[in-house]
Amino acid sequence: MSYAGIAWSADGYEVEVIDAEGNRATAPTRWGAERVPELITWLEAPGTASEPPRAVVVESTNGLVDGLLTAAGLTVYRADPWVLPERPDFGSVPARALAERARADLASLAPLTAEGGGQTGRDDDYHGGIGRSAGREAELARKGRWFRHGPRDRHEVALTFDDGPDPVFTRQVLDILARYEVHATFFCVGLHVHALPDEVRRIVDAGHGLGNHTWSHPFLPDLSPRQFRLQLERTDEAFTRAVGRAPAVFRPPYGARTPEALGELLSGGPALALWDVDSWDWARPGPEKIARTVLDHTRPGSLILMHDGGGDRRQSVAALPAVIEGLLERNLRFVAAEEWAGGARREGTGASHEG
């Protein structure tokens with residue numbers, strides 16, 4: 001029986017596997033974000049082990065790999081801040097600490113499911129943070145820097161993809177978009193931008209928009225203002241290295257907000273772009289269900305949430321042609337989300353549990 005911890009840093013992931021006595025089952029390994037599929041294959045039988053770890057543990061500040069891990073059939077747990085040692089401002093606690101927490105007290109960790117996503121069991125924190133953020137959101141909206149949809153009186157929609165770039169799925173999405181000659185916005189995570197700059201350049205060269213989606217896809221209620229600011233700044237720096245500029249829009253992971261984090265946006269920076277149509281593709285309900293959900297809820301001005309990274313996105317890719325064809329049949333024009341920053345009439349503060 002073994003336990004694996006996955007830590008994140010500026011350069012990728014560190015993994016450590018220990019046995020039931022707390023001894024190293026394998027030497028610690030390091031993986032770049034471009035090698036996550038290899039990491040998952042390795043975890044299915046690490047080193048000379050004959051079976052996968054009893055638990056694979058990630059921090060609440062790492063929302064990038066749990067979807068792929070659960071899709072592979074691995075048993076994944078989330079460690080929240082109150083059960084861990086203090087972490088640095090940028091990065092997670094060591095992989096050894098995550099694995100050791102599972103070995104010592106597995107019941108203190110939250111089991112994750114594909115349906116619940118990375119924040120399974122944190123509904124109160126999620127909705128509480130959104131409720132407390134209403135005042136800050138109103139301030140941002142007055143500055144033209146908060147929106148969840150575009151103008152309702154124009155026949156326009158914004159199609160967006162979160163959590164990439166992914167070395168497999170992003171290219172497939174780009175191929176489909178090119179086939180229909182429509183444009184989208186890709187909200188990318190910094191760790192993937194850093195590891196896969198050619199994929200980001202491919203997005204830009206195809207005429208699509210970019211958005212900042214933090215560095216490690218953390219649950220914002222678990223970040224200090226400084227930690228949140230570093231997530232944005234490091235991601236902007238990765239974009240600048242890759243394509244020479246930082247995005248004009250930002251989307252918080254899971255749509256989670258806190259007044260403390262939003263306070264960091266008030267003095268400047270990107271506009272906060274949420275969504276009003278959630279495809280629920282992250283839950284993998286099937287391509288037909290994904291397409292029908294989008295088409296049933298989209299109207300002029302809709303900001304549509306889909307995913308090209310952060311999990312098994314085969315269903316998202318399979319659903320995309322039907323989504324595009326259905327919207328084109330309504331004579332809707334596809335625009336980049338950043339075109340609506342500063343100009344859309346804004347209403348409501350709701351968002352779903354993913355992103």
# chains A, B, ... in the order shown; residues from 1 in each chain; ligands from 1
>>> select_by_dssp(residues="range 1-181 of chain A", states="alpha helix (DSSP H)", output="JSON, numbers by chain")
{"A": [36, 37, 38, 39, 40, 41, 42, 43, 66, 67, 68, 69, 70, 71, 95, 96, 97, 98, 99, 100, 101, 102, 103, 104, 123, 124, 125, 126, 127, 128, 129, 130, 131, 132, 134, 135, 136, 137, 138, 139, 140, 141, 142, 169, 170, 171, 172, 173, 174, 175, 176, 177, 178, 179, 180]}
>>> closest_atom_pairs(of="range 43-113 of chain A", to="range 10-13 of chain A", cutoff="9 Å", atoms="only C-alpha atoms", output="CSV")
residue,atom,partner,partner_atom,distance
A:Phe90,CA,A:Ala10,CA,7.7
A:Gly91,CA,A:Ala10,CA,6.9
A:Ala95,CA,A:Tyr13,CA,8.8
>>> write_last_selection(atoms="N, CA and C atoms", output="compact mmCIF listing (two decimals), in the first residue's frame")
# COMPACT_ATOMS: atom_id res chain seq x y z
N PHE A 90 4.38 31.31 -3.31
CA PHE A 90 4.21 30.80 -4.67
C PHE A 90 4.71 29.37 -4.69
N GLY A 91 3.79 28.43 -4.81
CA GLY A 91 4.13 27.01 -4.75
C GLY A 91 3.31 26.34 -3.67
N ALA A 95 5.75 17.64 -1.73
CA ALA A 95 5.00 16.43 -2.07
C ALA A 95 5.02 15.43 -0.93
>>> residues_around(residues="Cys188 in chain A", least_positions_apart="6", cutoff="7 Å", atoms="only C-alpha atoms", output="PyMOL selection string")
chain A and resi 162-165+211-213
>>> write_last_selection(atoms="all heavy atoms", output="mmCIF file, in the first residue's frame")
data_model
loop_
_atom_site.group_PDB
_atom_site.id
_atom_site.type_symbol
_atom_site.label_atom_id
_atom_site.label_comp_id
_atom_site.auth_asym_id
_atom_site.auth_seq_id
_atom_site.Cartn_x
_atom_site.Cartn_y
_atom_site.Cartn_z
ATOM 1 N N ASP A 162 -11.198 26.985 -21.040
ATOM 2 C CA ASP A 162 -10.382 27.143 -19.836
ATOM 3 C C ASP A 162 -9.383 26.002 -19.660
ATOM 4 O O ASP A 162 -9.588 24.890 -20.156
ATOM 5 C CB ASP A 162 -11.282 27.180 -18.597
ATOM 6 C CG ASP A 162 -11.966 28.514 -18.410
ATOM 7 O OD1 ASP A 162 -11.931 29.348 -19.340
ATOM 8 O OD2 ASP A 162 -12.564 28.711 -17.328
ATOM 9 N N ASP A 163 -8.332 26.313 -18.909
ATOM 10 C CA ASP A 163 -7.400 25.345 -18.305
ATOM 11 C C ASP A 163 -6.293 24.844 -19.219
ATOM 12 O O ASP A 163 -5.493 24.006 -18.819
ATOM 13 C CB ASP A 163 -8.139 24.136 -17.717
ATOM 14 C CG ASP A 163 -9.119 24.517 -16.632
ATOM 15 O OD1 ASP A 163 -9.109 25.689 -16.203
ATOM 16 O OD2 ASP A 163 -9.905 23.645 -16.211
ATOM 17 N N GLY A 164 -6.216 25.318 -20.452
ATOM 18 C CA GLY A 164 -5.133 24.929 -21.336
ATOM 19 C C GLY A 164 -3.930 25.848 -21.151
ATOM 20 O O GLY A 164 -3.845 26.586 -20.167
ATOM 21 N N PRO A 165 -3.010 25.814 -22.128
ATOM 22 C CA PRO A 165 -3.089 24.946 -23.303
ATOM 23 C C PRO A 165 -2.742 23.499 -22.967
ATOM 24 O O PRO A 165 -1.961 23.227 -22.072
ATOM 25 C CB PRO A 165 -2.046 25.547 -24.248
ATOM 26 C CG PRO A 165 -1.032 26.173 -23.328
ATOM 27 C CD PRO A 165 -1.821 26.693 -22.165
ATOM 28 N N GLY A 211 -6.750 34.763 -22.198
ATOM 29 C CA GLY A 211 -7.124 35.227 -20.876
ATOM 30 C C GLY A 211 -6.240 34.602 -19.824
ATOM 31 O O GLY A 211 -5.728 33.491 -19.995
ATOM 32 N N ASN A 212 -6.040 35.310 -18.718
ATOM 33 C CA ASN A 212 -5.271 34.829 -17.578
ATOM 34 C C ASN A 212 -6.188 34.000 -16.693
ATOM 35 O O ASN A 212 -7.261 34.455 -16.299
ATOM 36 C CB ASN A 212 -4.717 36.041 -16.815
ATOM 37 C CG ASN A 212 -3.777 35.669 -15.682
ATOM 38 O OD1 ASN A 212 -4.002 34.712 -14.955
ATOM 39 N ND2 ASN A 212 -2.719 36.456 -15.513
ATOM 40 N N HIS A 213 -5.762 32.783 -16.365
ATOM 41 C CA HIS A 213 -6.578 31.879 -15.540
ATOM 42 C C HIS A 213 -5.794 31.417 -14.315
ATOM 43 O O HIS A 213 -6.024 30.320 -13.811
ATOM 44 C CB HIS A 213 -7.029 30.693 -16.387
ATOM 45 C CG HIS A 213 -8.220 29.949 -15.850
ATOM 46 N ND1 HIS A 213 -9.302 30.558 -15.272
ATOM 47 C CD2 HIS A 213 -8.497 28.606 -15.804
ATOM 48 C CE1 HIS A 213 -10.187 29.654 -14.902
ATOM 49 N NE2 HIS A 213 -9.719 28.460 -15.206
#
>>> closest_atom_pairs(of="range 71-175 of chain A", to="range 194-206 of chain A", cutoff="9 Å", atoms="only C-alpha atoms", output="tab-separated table")
residue	atom	partner	partner_atom	distance
A:Gly164	CA	A:Val200	CA	8.9
A:Pro165	CA	A:Glu199	CA	6.3
A:Asp166	CA	A:Glu199	CA	7.8
A:Pro167	CA	A:Glu199	CA	7.2
A:Thr170	CA	A:Glu199	CA	7.8
A:Arg171	CA	A:Glu199	CA	7.9
A:Leu174	CA	A:Ile203	CA	7.3
>>> write_last_selection(atoms="N, CA and C atoms", output="PDB file, in the first residue's frame")
ATOM      1  N   GLY A 164      -6.216  25.318 -20.452  1.00  0.00           N
ATOM      2  CA  GLY A 164      -5.133  24.929 -21.336  1.00  0.00           C
ATOM      3  C   GLY A 164      -3.930  25.848 -21.151  1.00  0.00           C
ATOM      4  N   PRO A 165      -3.010  25.814 -22.128  1.00  0.00           N
ATOM      5  CA  PRO A 165      -3.089  24.946 -23.303  1.00  0.00           C
ATOM      6  C   PRO A 165      -2.742  23.499 -22.967  1.00  0.00           C
ATOM      7  N   ASP A 166      -3.348  22.605 -23.711  1.00  0.00           N
ATOM      8  CA  ASP A 166      -3.110  21.179 -23.573  1.00  0.00           C
ATOM      9  C   ASP A 166      -2.448  20.692 -24.860  1.00  0.00           C
ATOM     10  N   PRO A 167      -1.424  19.832 -24.765  1.00  0.00           N
ATOM     11  CA  PRO A 167      -0.707  19.415 -25.976  1.00  0.00           C
ATOM     12  C   PRO A 167      -1.533  18.597 -26.948  1.00  0.00           C
ATOM     13  N   THR A 170      -6.026  21.097 -27.057  1.00  0.00           N
ATOM     14  CA  THR A 170      -6.052  22.454 -27.596  1.00  0.00           C
ATOM     15  C   THR A 170      -5.897  22.437 -29.106  1.00  0.00           C
ATOM     16  N   ARG A 171      -5.019  21.617 -29.618  1.00  0.00           N
ATOM     17  CA  ARG A 171      -4.847  21.532 -31.076  1.00  0.00           C
ATOM     18  C   ARG A 171      -6.118  21.037 -31.750  1.00  0.00           C
ATOM     19  N   LEU A 174      -8.528  23.906 -31.829  1.00  0.00           N
ATOM     20  CA  LEU A 174      -8.113  24.891 -32.829  1.00  0.00           C
ATOM     21  C   LEU A 174      -8.442  24.417 -34.243  1.00  0.00           C
TER      22      LEU A 174
END
>>> closest_atom_pairs(of="range 62-127 of chain A", to="range 131-148 of chain A", cutoff="12 Å", atoms="only C-alpha atoms", output="JSON lines")
{"residue": "A:Asp124", "atom": "CA", "partner": "A:Gly131", "partner_atom": "CA", "distance": 10.3}
{"residue": "A:Asp125", "atom": "CA", "partner": "A:Gly131", "partner_atom": "CA", "distance": 9.8}
{"residue": "A:Tyr126", "atom": "CA", "partner": "A:Gly131", "partner_atom": "CA", "distance": 8.8}
{"residue": "A:His127", "atom": "CA", "partner": "A:Gly131", "partner_atom": "CA", "distance": 6.1}
>>> residues_around(residues="range 47-58 of chain A", least_positions_apart="3", cutoff="6 Å", atoms="only C-alpha atoms", output="VMD selection string")
chain A and resid 2 to 6 44 75 to 78 98
>>> atom_distance(atom1="CA of Gln172 in chain A", atom2="CA of Gln315 in chain A")
11.6 Å
>>> residues_around(residues="range 227-231 of chain A", least_positions_apart="3", cutoff="7 Å", atoms="only C-alpha atoms", output="list in words")
Asp89, Phe90, Thr214, Trp215, Leu223, Ser224, Arg234, Thr235, Ala261 and Glu264 of chain A
>>> select_by_dssp(residues="range 182-271 of chain A", states="strand (DSSP E or B)", output="list of chain:residue names")
A:Thr185, A:Phe186, A:Phe187, A:Cys188, A:Gly209, A:Leu210, A:Gly211, A:Asn212, A:Val249, A:Phe250, A:Ala271
>>> atom_distance(atom1="CA of Gly286 in chain A", atom2="CA of Arg313 in chain A")
10.6 Å
>>> closest_atom_pairs(of="range 13-88 of chain A", to="range 237-257 of chain A", cutoff="12 Å", atoms="only C-alpha atoms", output="CSV")
residue,atom,partner,partner_atom,distance
A:Ser60,CA,A:Pro253,CA,11.3
A:Thr61,CA,A:Pro253,CA,10.2
A:Asn62,CA,A:Pro253,CA,10.4
A:Gly63,CA,A:Pro253,CA,8.2
A:Leu64,CA,A:Pro253,CA,10.1
>>> write_last_selection(atoms="N, CA, C and O atoms", output="compact mmCIF listing (two decimals), in the first residue's frame")
# COMPACT_ATOMS: atom_id res chain seq x y z
N SER A 60 -5.29 22.23 -2.36
CA SER A 60 -6.40 23.03 -2.88
C SER A 60 -5.92 24.15 -3.80
O SER A 60 -6.73 24.76 -4.49
N THR A 61 -4.61 24.41 -3.80
CA THR A 61 -4.05 25.41 -4.72
C THR A 61 -3.58 24.79 -6.02
O THR A 61 -2.97 25.47 -6.85
N ASN A 62 -3.86 23.52 -6.23
CA ASN A 62 -3.50 22.83 -7.48
C ASN A 62 -4.77 22.21 -8.07
O ASN A 62 -5.19 21.14 -7.68
N GLY A 63 -5.36 22.93 -9.03
CA GLY A 63 -6.56 22.42 -9.67
C GLY A 63 -6.33 21.98 -11.10
O GLY A 63 -7.26 21.97 -11.90
N LEU A 64 -5.09 21.59 -11.42
CA LEU A 64 -4.73 21.31 -12.81
C LEU A 64 -4.72 19.84 -13.17
O LEU A 64 -4.84 19.50 -14.35
>>> atom_distance(atom1="CA of Leu320 in chain A", atom2="CA of Glu115 in chain A")
20.4 Å
>>> closest_residue(among="A:Val65, A:Leu43, A:Ile130, A:Leu328", to="His192 in chain A", atoms="only C-alpha atoms")
A:Val65
>>> closest_atom_pairs(of="range 100-158 of chain A", to="range 296-300 of chain A", cutoff="6 Å", atoms="only C-alpha atoms", output="Markdown table")
| residue | atom | partner | partner_atom | distance |
| --- | --- | --- | --- | --- |
| A:Arg152 | CA | A:Pro300 | CA | 5.1 |
| A:His155 | CA | A:Pro300 | CA | 5.1 |
| A:Glu156 | CA | A:Pro300 | CA | 5.5 |
>>> write_last_selection(atoms="C-alpha atoms", output="tab-separated table (two decimals), in the first residue's frame")
chain	number	residue	atom	x	y	z
A	152	ARG	CA	-27.93	41.48	-25.31
A	155	HIS	CA	-26.16	39.00	-32.31
A	156	GLU	CA	-22.80	38.08	-30.76
>>> residues_around(residues="Ser108 in chain A", least_positions_apart="6", cutoff="8 Å", atoms="only C-alpha atoms", output="list of chain:residue names")
A:Ala79, A:Val83, A:Ala102
>>> residues_around(residues="Trp340 in chain A", least_positions_apart="4", cutoff="8 Å", atoms="only C-alpha atoms", output="PDB file with N, CA, C and O atoms, in the first residue's frame")
ATOM      1  N   PHE A 147     -17.540  41.493 -15.940  1.00  0.00           N
ATOM      2  CA  PHE A 147     -18.697  41.165 -16.771  1.00  0.00           C
ATOM      3  C   PHE A 147     -18.873  39.662 -16.845  1.00  0.00           C
ATOM      4  O   PHE A 147     -17.922  38.894 -16.673  1.00  0.00           O
ATOM      5  N   HIS A 149     -21.404  38.588 -19.292  1.00  0.00           N
ATOM      6  CA  HIS A 149     -21.968  38.430 -20.629  1.00  0.00           C
ATOM      7  C   HIS A 149     -21.744  39.730 -21.385  1.00  0.00           C
ATOM      8  O   HIS A 149     -21.315  40.742 -20.811  1.00  0.00           O
ATOM      9  N   GLY A 150     -22.057  39.712 -22.677  1.00  0.00           N
ATOM     10  CA  GLY A 150     -21.932  40.898 -23.494  1.00  0.00           C
ATOM     11  C   GLY A 150     -23.263  41.565 -23.729  1.00  0.00           C
ATOM     12  O   GLY A 150     -24.274  41.202 -23.103  1.00  0.00           O
ATOM     13  N   PRO A 151     -23.315  42.534 -24.627  1.00  0.00           N
ATOM     14  CA  PRO A 151     -24.574  43.237 -24.914  1.00  0.00           C
ATOM     15  C   PRO A 151     -25.627  42.275 -25.445  1.00  0.00           C
ATOM     16  O   PRO A 151     -25.363  41.473 -26.334  1.00  0.00           O
ATOM     17  N   ALA A 336     -14.256  37.767 -29.530  1.00  0.00           N
ATOM     18  CA  ALA A 336     -13.365  37.515 -28.402  1.00  0.00           C
ATOM     19  C   ALA A 336     -13.943  38.143 -27.142  1.00  0.00           C
ATOM     20  O   ALA A 336     -14.529  39.229 -27.181  1.00  0.00           O
ATOM     21  N   ALA A 344     -20.090  46.009 -21.782  1.00  0.00           N
ATOM     22  CA  ALA A 344     -21.310  45.205 -21.648  1.00  0.00           C
ATOM     23  C   ALA A 344     -22.162  45.673 -20.478  1.00  0.00           C
ATOM     24  O   ALA A 344     -21.652  46.118 -19.460  1.00  0.00           O
TER      25      ALA A 344
END
>>> closest_residue(among="A:Leu305, A:Ala318, A:Val157, A:Ala341", to="Phe187 in chain A", atoms="only C-alpha atoms")
A:Leu305
